[in-house]
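Trainee: Sending over a structure as structure tokens; questions will come in a sec.
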Amino acid sequence: MLPVIDLSSSSEDRISTAHSIRQACTDYGFFYLINHGVDEQLLQNVFEQSRLFFSLPLEDKMKCSRNIGGDFGFSPLYAENLDSSSSSKTKGDSKETFHIGPLQNQLNQWPSQDLLPSWRSVMETYYTSLLSIGKKLSSLIALALNLDDHFFHSIGALDKPYAFLRLLHYPGEMGDSDEDGVVYGASAHSDYGMITLLATDGVPGLQVCREKLKHPRTWENVNHVKGAFIVNLGDLMERWTNCLFRSTLHRVMPTGKERYSMAFFLDPNPDCGRMLEKLLQ
């Protein structure tokens with residue numbers, strides 16, 4: 001069981017919560033976040049809109065292709081292989097994705113309102129909510145590093161963050177296996193940014209490997225906790241903290257059941273990265 005962090009702690013409990021986050025980030029790099037303030041109905045609405053999009057015919061989904069929007073929009077099955085160490089012959093991960101970037105970005109792709117009239121408004125509301133949670137969490141992470149709680153804000157890391165919402169769909173049926181006999185929903189990887197907040201539909205499959213440099217690797221299942229976000233740190237945070245905090249290897253294994261999840265990647269304003277690295281060393 002991963003550590004559990006309560007975001008609703010009072011101001012008097014913030015130091016205690018920061019200590020708990022420090023322990024979680026040094027031991028696991030992963031934790032559950034509860035009492036985060038996102039309404040359960042909003043979560044259900046986002047999952048429902050995600051299902052509606054991924055159930056569209058491929059030709060309709062491809063109208064929002066990332067080939068059009070670059071980092072933004074839809075990617076079909078097997079378009080991505082997250083394990084950079086795997087053979088180039090691997091056909092790719094068994095998942096579909098949709099990326100939504102900063103809301104002011106004109107390159108974001110949006111499904112036709114004729115097909116999904118509520119889609120954009122629901123996603124924008126959810127994106128805004130997750131951005132607010134990520135900023136609150138970043139203040140506690142700053143305290144966990146024995147810094148002022150406004151540290152990341154004061155250096156401009158979060159004034160114009162480069163945050164992405166990634167909708168994911170893992171089909172229940174499996175395609176043909178790769179040469180190693182395994183089909184991955186998402187192959188082994190660590191996130192490259194600052195903080196990731198993940199919501200899942202309860203279908204299992206997520207696994208973590210706490211000792212990513214050891215071989216053979218030991219994988220642990222991450223259980224679903226209703227109403228909680230699963231939070232993990234990215235490579236950038238590991239680098240900034242000189243490997244004090246972990247960027248943990250994780251993957252999604254297919255279970256034969258259709259699975260939906262939503263990952264929100266909170267990455268800083270790209271202009272502040274070098275300054276942060278110097279200050280945190």
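Please note that chains go A, B, ... in the order of the structure tokens, that every chain numbers its residues from 1, and that ligands are numbered from 1 in the order shown.
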For Tyr127 of chain A, please output as a ChimeraX atom specification all residues within 12 Å (counting only C-alpha atoms; exclusion window: fewer than 5 positions along the same chain).

Mentor: /A:38,42-43,46,99-104,120-122,132-134,163-167,197,262-266

Trainee: I need the residues from that last selection saved to file as a short mmCIF file (atom, residue, chain, number, x, y, z; two decimals), in the first residue's frame (with N, CA and C atoms), if you can.

Mentor:
data_model
loop_
_atom_site.label_atom_id
_atom_site.label_comp_id
_atom_site.auth_asym_id
_atom_site.auth_seq_id
_atom_site.Cartn_x
_atom_site.Cartn_y
_atom_site.Cartn_z
N VAL A 38 -11.59 17.74 -5.67
CA VAL A 38 -12.24 17.54 -6.97
C VAL A 38 -13.55 16.79 -6.75
N LEU A 42 -17.64 15.54 -11.15
CA LEU A 42 -16.77 16.02 -12.21
C LEU A 42 -15.87 14.89 -12.71
N LEU A 43 -15.33 14.10 -11.80
CA LEU A 43 -14.50 12.97 -12.21
C LEU A 43 -15.29 12.00 -13.09
N VAL A 46 -15.78 13.43 -16.56
CA VAL A 46 -14.58 13.36 -17.40
C VAL A 46 -14.38 11.94 -17.93
N HIS A 99 -4.07 14.16 -25.78
CA HIS A 99 -3.33 15.16 -25.02
C HIS A 99 -4.00 16.53 -25.12
N ILE A 100 -4.19 17.15 -23.95
CA ILE A 100 -4.69 18.53 -23.88
C ILE A 100 -3.64 19.35 -23.15
N GLY A 101 -3.12 20.38 -23.81
CA GLY A 101 -2.09 21.22 -23.22
C GLY A 101 -2.66 22.46 -22.56
N PRO A 102 -1.80 23.43 -22.21
CA PRO A 102 -2.28 24.68 -21.61
C PRO A 102 -3.47 25.24 -22.38
N LEU A 103 -4.49 25.65 -21.66
CA LEU A 103 -5.76 25.97 -22.30
C LEU A 103 -5.68 27.18 -23.23
N GLN A 104 -4.70 28.04 -23.01
CA GLN A 104 -4.56 29.21 -23.88
C GLN A 104 -3.83 28.87 -25.18
N ARG A 120 -15.45 19.64 -24.61
CA ARG A 120 -14.44 20.66 -24.35
C ARG A 120 -14.65 21.32 -22.99
N SER A 121 -15.88 21.68 -22.67
CA SER A 121 -16.13 22.39 -21.40
C SER A 121 -15.80 21.51 -20.20
N VAL A 122 -16.13 20.22 -20.28
CA VAL A 122 -15.82 19.30 -19.18
C VAL A 122 -14.31 19.18 -19.01
N SER A 132 -4.97 23.65 -10.18
CA SER A 132 -5.05 24.23 -8.84
C SER A 132 -4.53 23.25 -7.79
N ILE A 133 -4.92 21.98 -7.89
CA ILE A 133 -4.44 20.96 -6.95
C ILE A 133 -2.92 20.81 -7.04
N GLY A 134 -2.41 20.77 -8.26
CA GLY A 134 -0.97 20.63 -8.44
C GLY A 134 -0.20 21.76 -7.80
N ALA A 163 1.61 22.37 -18.46
CA ALA A 163 0.88 21.23 -17.92
C ALA A 163 0.05 20.56 -19.01
N PHE A 164 -0.01 19.22 -18.93
CA PHE A 164 -0.77 18.43 -19.90
C PHE A 164 -1.75 17.51 -19.19
N LEU A 165 -2.94 17.41 -19.77
CA LEU A 165 -3.90 16.37 -19.37
C LEU A 165 -3.87 15.31 -20.44
N ARG A 166 -3.63 14.07 -20.00
CA ARG A 166 -3.55 12.95 -20.94
C ARG A 166 -4.63 11.93 -20.62
N LEU A 167 -5.57 11.78 -21.54
CA LEU A 167 -6.60 10.76 -21.42
C LEU A 167 -6.07 9.47 -22.02
N LEU A 197 -0.45 13.62 -11.54
CA LEU A 197 -1.63 13.22 -10.78
C LEU A 197 -2.48 12.33 -11.68
N MET A 262 -6.67 8.92 -16.44
CA MET A 262 -6.41 10.31 -16.83
C MET A 262 -5.21 10.79 -16.03
N ALA A 263 -4.14 11.15 -16.73
CA ALA A 263 -2.91 11.61 -16.09
C ALA A 263 -2.75 13.10 -16.34
N PHE A 264 -2.47 13.83 -15.27
CA PHE A 264 -2.22 15.28 -15.38
C PHE A 264 -0.76 15.53 -15.03
N PHE A 265 0.00 16.02 -16.00
CA PHE A 265 1.43 16.25 -15.81
C PHE A 265 1.67 17.73 -15.55
N LEU A 266 2.09 18.05 -14.33
CA LEU A 266 2.39 19.44 -13.98
C LEU A 266 3.89 19.66 -14.16
#

Trainee: DSSP on the backbone, helix (DSSP H, G or I) only: what residues of segment 39-281 of chain A does that give? Format it as a PDB file with C-alpha atoms, in the first residue's frame.

Mentor:
ATOM      1  CA  GLU A  40     -16.773  13.110  -7.647  1.00  0.00           C
ATOM      2  CA  GLN A  41     -19.377  14.098 -10.224  1.00  0.00           C
ATOM      3  CA  LEU A  42     -16.766  16.022 -12.214  1.00  0.00           C
ATOM      4  CA  LEU A  43     -14.499  12.966 -12.205  1.00  0.00           C
ATOM      5  CA  GLN A  44     -17.333  10.794 -13.469  1.00  0.00           C
ATOM      6  CA  ASN A  45     -18.174  13.342 -16.166  1.00  0.00           C
ATOM      7  CA  VAL A  46     -14.577  13.357 -17.398  1.00  0.00           C
ATOM      8  CA  PHE A  47     -14.450   9.556 -17.520  1.00  0.00           C
ATOM      9  CA  GLU A  48     -17.748   9.488 -19.398  1.00  0.00           C
ATOM     10  CA  GLN A  49     -16.585  12.068 -21.955  1.00  0.00           C
ATOM     11  CA  SER A  50     -13.328  10.166 -22.371  1.00  0.00           C
ATOM     12  CA  ARG A  51     -15.237   6.937 -23.062  1.00  0.00           C
ATOM     13  CA  LEU A  52     -17.441   8.717 -25.586  1.00  0.00           C
ATOM     14  CA  PHE A  53     -14.436  10.004 -27.499  1.00  0.00           C
ATOM     15  CA  PHE A  54     -12.523   6.726 -27.567  1.00  0.00           C
ATOM     16  CA  LEU A  58     -11.098   5.770 -35.822  1.00  0.00           C
ATOM     17  CA  GLU A  59     -11.639   8.150 -38.741  1.00  0.00           C
ATOM     18  CA  ASP A  60     -13.391  10.628 -36.419  1.00  0.00           C
ATOM     19  CA  LYS A  61     -10.677  10.349 -33.776  1.00  0.00           C
ATOM     20  CA  MET A  62      -7.947  10.885 -36.358  1.00  0.00           C
ATOM     21  CA  LYS A  63      -9.447  14.290 -37.187  1.00  0.00           C
ATOM     22  CA  CYS A  64      -7.856  15.341 -33.876  1.00  0.00           C
ATOM     23  CA  ARG A  66      -1.327  14.694 -32.954  1.00  0.00           C
ATOM     24  CA  ASN A  67       0.115  14.691 -36.474  1.00  0.00           C
ATOM     25  CA  ILE A  68      -1.931  17.868 -36.884  1.00  0.00           C
ATOM     26  CA  GLY A  69      -1.373  19.436 -33.479  1.00  0.00           C
ATOM     27  CA  TRP A 119     -16.525  17.485 -24.270  1.00  0.00           C
ATOM     28  CA  ARG A 120     -14.444  20.657 -24.346  1.00  0.00           C
ATOM     29  CA  SER A 121     -16.128  22.386 -21.405  1.00  0.00           C
ATOM     30  CA  VAL A 122     -15.822  19.304 -19.179  1.00  0.00           C
ATOM     31  CA  MET A 123     -12.136  18.860 -20.037  1.00  0.00           C
ATOM     32  CA  GLU A 124     -11.336  22.521 -19.488  1.00  0.00           C
ATOM     33  CA  THR A 125     -13.044  22.470 -16.080  1.00  0.00           C
ATOM     34  CA  TYR A 126     -11.127  19.355 -15.082  1.00  0.00           C
ATOM     35  CA  TYR A 127      -7.819  20.738 -16.365  1.00  0.00           C
ATOM     36  CA  THR A 128      -8.303  23.927 -14.327  1.00  0.00           C
ATOM     37  CA  SER A 129      -9.150  21.917 -11.185  1.00  0.00           C
ATOM     38  CA  LEU A 130      -6.071  19.696 -11.516  1.00  0.00           C
ATOM     39  CA  LEU A 131      -3.828  22.698 -12.114  1.00  0.00           C
ATOM     40  CA  SER A 132      -5.053  24.227  -8.838  1.00  0.00           C
ATOM     41  CA  ILE A 133      -4.438  20.961  -6.946  1.00  0.00           C
ATOM     42  CA  GLY A 134      -0.970  20.628  -8.441  1.00  0.00           C
ATOM     43  CA  LYS A 135      -0.046  24.119  -7.285  1.00  0.00           C
ATOM     44  CA  LYS A 136      -1.263  23.385  -3.739  1.00  0.00           C
ATOM     45  CA  LEU A 137       0.718  20.168  -3.710  1.00  0.00           C
ATOM     46  CA  SER A 138       3.837  21.947  -4.975  1.00  0.00           C
ATOM     47  CA  SER A 139       3.721  24.205  -1.894  1.00  0.00           C
ATOM     48  CA  LEU A 140       3.769  21.153   0.380  1.00  0.00           C
ATOM     49  CA  ILE A 141       6.585  19.604  -1.647  1.00  0.00           C
ATOM     50  CA  ALA A 142       8.570  22.828  -1.169  1.00  0.00           C
ATOM     51  CA  LEU A 143       8.052  22.541   2.596  1.00  0.00           C
ATOM     52  CA  ALA A 144       9.100  18.896   2.375  1.00  0.00           C
ATOM     53  CA  PHE A 151       9.366  28.677  -3.422  1.00  0.00           C
ATOM     54  CA  PHE A 152       8.200  27.230  -6.741  1.00  0.00           C
ATOM     55  CA  HIS A 153       5.865  30.174  -7.268  1.00  0.00           C
ATOM     56  CA  SER A 154       8.482  32.782  -6.317  1.00  0.00           C
ATOM     57  CA  ASP A 235      12.727  12.812 -13.541  1.00  0.00           C
ATOM     58  CA  LEU A 236      12.906  16.592 -13.283  1.00  0.00           C
ATOM     59  CA  MET A 237      12.060  16.530  -9.577  1.00  0.00           C
ATOM     60  CA  GLU A 238      14.558  13.731  -8.987  1.00  0.00           C
ATOM     61  CA  ARG A 239      17.223  15.809 -10.729  1.00  0.00           C
ATOM     62  CA  TRP A 240      16.343  19.015  -8.875  1.00  0.00           C
ATOM     63  CA  PRO A 270      10.373  25.941 -19.295  1.00  0.00           C
ATOM     64  CA  ASP A 271      12.196  29.246 -18.751  1.00  0.00           C
ATOM     65  CA  CYS A 272      12.791  28.600 -15.047  1.00  0.00           C
ATOM     66  CA  GLY A 273      14.381  25.140 -15.258  1.00  0.00           C
ATOM     67  CA  ARG A 274      18.034  26.122 -15.173  1.00  0.00           C
ATOM     68  CA  MET A 275      17.497  28.577 -12.331  1.00  0.00           C
ATOM     69  CA  LEU A 276      15.734  25.914 -10.267  1.00  0.00           C
ATOM     70  CA  GLU A 277      18.492  23.386 -10.821  1.00  0.00           C
ATOM     71  CA  LYS A 278      21.073  25.817  -9.437  1.00  0.00           C
ATOM     72  CA  LEU A 279      18.977  26.812  -6.433  1.00  0.00           C
ATOM     73  CA  LEU A 280      18.108  23.264  -5.367  1.00  0.00           C
TER      74      LEU A 280
END

Trainee: Could you please determine the separation between atom CA of Val182 of chain A and atom CA of Gly234 of chain A in Å, to one decimal place?

Mentor: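 Rounded to one decimal, the two atoms are 25.6 Å apart.
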
Trainee: Have a look at A:Val225, A:Ile230, A:Leu249, A:Met194 and name the one nearest to Pro268 of chain A; count only C-alpha atoms.

Mentor: A:Met194

Trainee: Compare A:Leu244, A:Leu107, A:Leu168, A:Leu115 by their minimum atom-to-atom distance to Tyr28 of chain A, counting only C-alpha atoms, and give me the closest one.

Mentor: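 Using only C-alpha atoms, the shortest distance to Tyr28 of chain A belongs to A:Leu244.
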
Trainee: As a ChimeraX atom specification, which residues of segment 39-281 of chain A does DSSP assign to strand (DSSP E or B)?

Mentor: /A:65,72-75,96-100,164-170,186-189,195-200,206-209,220-221,229-233,249-252,259-266

Trainee: Limited to N, CA and C atoms, could you put the picked residues into a file as a tab-separated table (two decimals), in the first residue's frame?

Mentor:
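Final output, saved to again_11.tsv:
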chain	number	residue	atom	x	y	z
A	65	SER	N	-5.85	14.24	-34.71
A	65	SER	CA	-4.56	13.56	-34.60
A	65	SER	C	-3.45	14.49	-34.14
A	72	PHE	N	-0.35	17.88	-29.19
A	72	PHE	CA	-1.74	17.98	-28.75
A	72	PHE	C	-2.64	17.11	-29.61
A	73	GLY	N	-3.56	16.39	-28.96
A	73	GLY	CA	-4.53	15.62	-29.71
A	73	GLY	C	-4.42	14.12	-29.52
A	74	PHE	N	-4.93	13.38	-30.48
A	74	PHE	CA	-5.13	11.94	-30.38
A	74	PHE	C	-3.97	11.14	-30.96
A	75	SER	N	-3.63	10.03	-30.28
A	75	SER	CA	-2.69	9.05	-30.82
A	75	SER	C	-3.34	7.67	-30.76
A	96	GLU	N	-4.65	3.94	-26.46
A	96	GLU	CA	-4.94	5.15	-27.20
A	96	GLU	C	-4.81	6.32	-26.23
A	97	THR	N	-4.41	7.48	-26.74
A	97	THR	CA	-4.25	8.64	-25.86
A	97	THR	C	-4.81	9.90	-26.51
A	98	PHE	N	-5.09	10.87	-25.66
A	98	PHE	CA	-5.48	12.21	-26.13
A	98	PHE	C	-4.83	13.23	-25.21
A	99	HIS	N	-4.07	14.16	-25.78
A	99	HIS	CA	-3.33	15.16	-25.02
A	99	HIS	C	-4.00	16.53	-25.12
A	100	ILE	N	-4.19	17.15	-23.95
A	100	ILE	CA	-4.69	18.53	-23.88
A	100	ILE	C	-3.64	19.35	-23.15
A	164	PHE	N	-0.01	19.22	-18.93
A	164	PHE	CA	-0.77	18.43	-19.90
A	164	PHE	C	-1.75	17.51	-19.19
A	165	LEU	N	-2.94	17.41	-19.77
A	165	LEU	CA	-3.90	16.37	-19.37
A	165	LEU	C	-3.87	15.31	-20.44
A	166	ARG	N	-3.63	14.07	-20.00
A	166	ARG	CA	-3.55	12.95	-20.94
A	166	ARG	C	-4.63	11.93	-20.62
A	167	LEU	N	-5.57	11.78	-21.54
A	167	LEU	CA	-6.60	10.76	-21.42
A	167	LEU	C	-6.07	9.47	-22.02
A	168	LEU	N	-6.31	8.34	-21.33
A	168	LEU	CA	-5.79	7.06	-21.80
A	168	LEU	C	-6.88	6.01	-21.84
A	169	HIS	N	-6.84	5.20	-22.89
A	169	HIS	CA	-7.78	4.09	-23.05
A	169	HIS	C	-6.99	2.84	-23.40
A	170	TYR	N	-7.12	1.82	-22.56
A	170	TYR	CA	-6.48	0.53	-22.80
A	170	TYR	C	-7.58	-0.47	-23.19
A	186	ALA	N	1.18	0.03	-21.03
A	186	ALA	CA	2.19	1.09	-21.06
A	186	ALA	C	3.48	0.46	-20.58
A	187	SER	N	4.49	0.44	-21.42
A	187	SER	CA	5.74	-0.21	-21.07
A	187	SER	C	6.49	0.59	-19.99
A	188	ALA	N	7.48	-0.04	-19.40
A	188	ALA	CA	8.18	0.53	-18.24
A	188	ALA	C	8.79	1.89	-18.56
A	189	HIS	N	8.55	2.86	-17.69
A	189	HIS	CA	9.06	4.21	-17.89
A	189	HIS	C	8.97	4.99	-16.59
A	195	ILE	N	5.49	16.76	-11.47
A	195	ILE	CA	4.51	16.02	-10.68
A	195	ILE	C	3.45	15.47	-11.62
A	196	THR	N	3.01	14.24	-11.38
A	196	THR	CA	1.91	13.64	-12.13
A	196	THR	C	0.79	13.27	-11.19
A	197	LEU	N	-0.45	13.62	-11.54
A	197	LEU	CA	-1.63	13.22	-10.78
A	197	LEU	C	-2.48	12.33	-11.68
A	198	LEU	N	-2.73	11.11	-11.21
A	198	LEU	CA	-3.42	10.11	-12.01
A	198	LEU	C	-4.74	9.72	-11.38
A	199	ALA	N	-5.80	9.70	-12.20
A	199	ALA	CA	-7.10	9.15	-11.80
A	199	ALA	C	-7.36	7.92	-12.64
A	200	THR	N	-7.84	6.85	-12.01
A	200	THR	CA	-8.13	5.62	-12.75
A	200	THR	C	-9.58	5.21	-12.50
A	206	LEU	N	-1.75	-1.03	-13.05
A	206	LEU	CA	-0.60	-0.19	-12.74
A	206	LEU	C	0.34	-0.91	-11.78
A	207	GLN	N	1.63	-0.88	-12.10
A	207	GLN	CA	2.66	-1.48	-11.26
A	207	GLN	C	3.84	-0.51	-11.12
A	208	VAL	N	4.53	-0.58	-9.99
A	208	VAL	CA	5.71	0.26	-9.75
A	208	VAL	C	6.91	-0.61	-9.42
A	209	CYS	N	8.08	-0.10	-9.75
A	209	CYS	CA	9.35	-0.75	-9.42
A	209	CYS	C	10.19	0.27	-8.66
A	220	GLU	N	5.48	-4.14	-8.13
A	220	GLU	CA	4.41	-4.18	-7.13
A	220	GLU	C	3.14	-3.59	-7.72
A	221	ASN	N	2.01	-4.24	-7.47
A	221	ASN	CA	0.73	-3.72	-7.94
A	221	ASN	C	0.33	-2.49	-7.14
A	229	PHE	N	-6.35	10.41	-5.90
A	229	PHE	CA	-5.42	10.49	-7.01
A	229	PHE	C	-4.16	9.72	-6.64
A	230	ILE	N	-3.54	9.13	-7.64
A	230	ILE	CA	-2.22	8.53	-7.47
A	230	ILE	C	-1.21	9.55	-7.97
A	231	VAL	N	-0.29	9.93	-7.10
A	231	VAL	CA	0.68	10.98	-7.43
A	231	VAL	C	2.06	10.36	-7.53
A	232	ASN	N	2.80	10.75	-8.55
A	232	ASN	CA	4.21	10.35	-8.63
A	232	ASN	C	5.06	11.51	-9.11
A	233	LEU	N	6.33	11.43	-8.82
A	233	LEU	CA	7.28	12.47	-9.21
A	233	LEU	C	7.96	12.08	-10.51
A	249	LEU	N	10.05	4.07	-11.57
A	249	LEU	CA	9.68	3.33	-12.77
A	249	LEU	C	8.29	2.72	-12.58
A	250	HIS	N	7.45	2.80	-13.61
A	250	HIS	CA	6.12	2.20	-13.53
A	250	HIS	C	5.68	1.74	-14.92
A	251	ARG	N	4.64	0.92	-14.93
A	251	ARG	CA	4.11	0.37	-16.18
A	251	ARG	C	2.65	0.00	-15.97
A	252	VAL	N	1.96	-0.28	-17.07
A	252	VAL	CA	0.59	-0.78	-17.01
A	252	VAL	C	0.55	-2.12	-17.73
A	259	ARG	N	-9.73	-0.49	-19.80
A	259	ARG	CA	-9.28	0.37	-18.71
A	259	ARG	C	-9.17	1.82	-19.20
A	260	TYR	N	-9.63	2.74	-18.35
A	260	TYR	CA	-9.50	4.17	-18.64
A	260	TYR	C	-8.75	4.84	-17.48
A	261	SER	N	-7.92	5.80	-17.82
A	261	SER	CA	-7.27	6.61	-16.79
A	261	SER	C	-7.02	8.00	-17.34
A	262	MET	N	-6.67	8.92	-16.44
A	262	MET	CA	-6.41	10.31	-16.83
A	262	MET	C	-5.21	10.79	-16.03
A	263	ALA	N	-4.14	11.15	-16.73
A	263	ALA	CA	-2.91	11.61	-16.09
A	263	ALA	C	-2.75	13.10	-16.34
A	264	PHE	N	-2.47	13.83	-15.27
A	264	PHE	CA	-2.22	15.28	-15.38
A	264	PHE	C	-0.76	15.53	-15.03
A	265	PHE	N	0.00	16.02	-16.00
A	265	PHE	CA	1.43	16.25	-15.81
A	265	PHE	C	1.67	17.73	-15.55
A	266	LEU	N	2.09	18.05	-14.33
A	266	LEU	CA	2.39	19.44	-13.98
A	266	LEU	C	3.89	19.66	-14.16

Trainee: Please report the interatomic distance between atom CA of Gly202 of chain A and atom CA of Lys226 of chain A in Å with one decimal.

Mentor: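 Going from atom CA of Gly202 of chain A over to atom CA of Lys226 of chain A, I get 7.5 Å.
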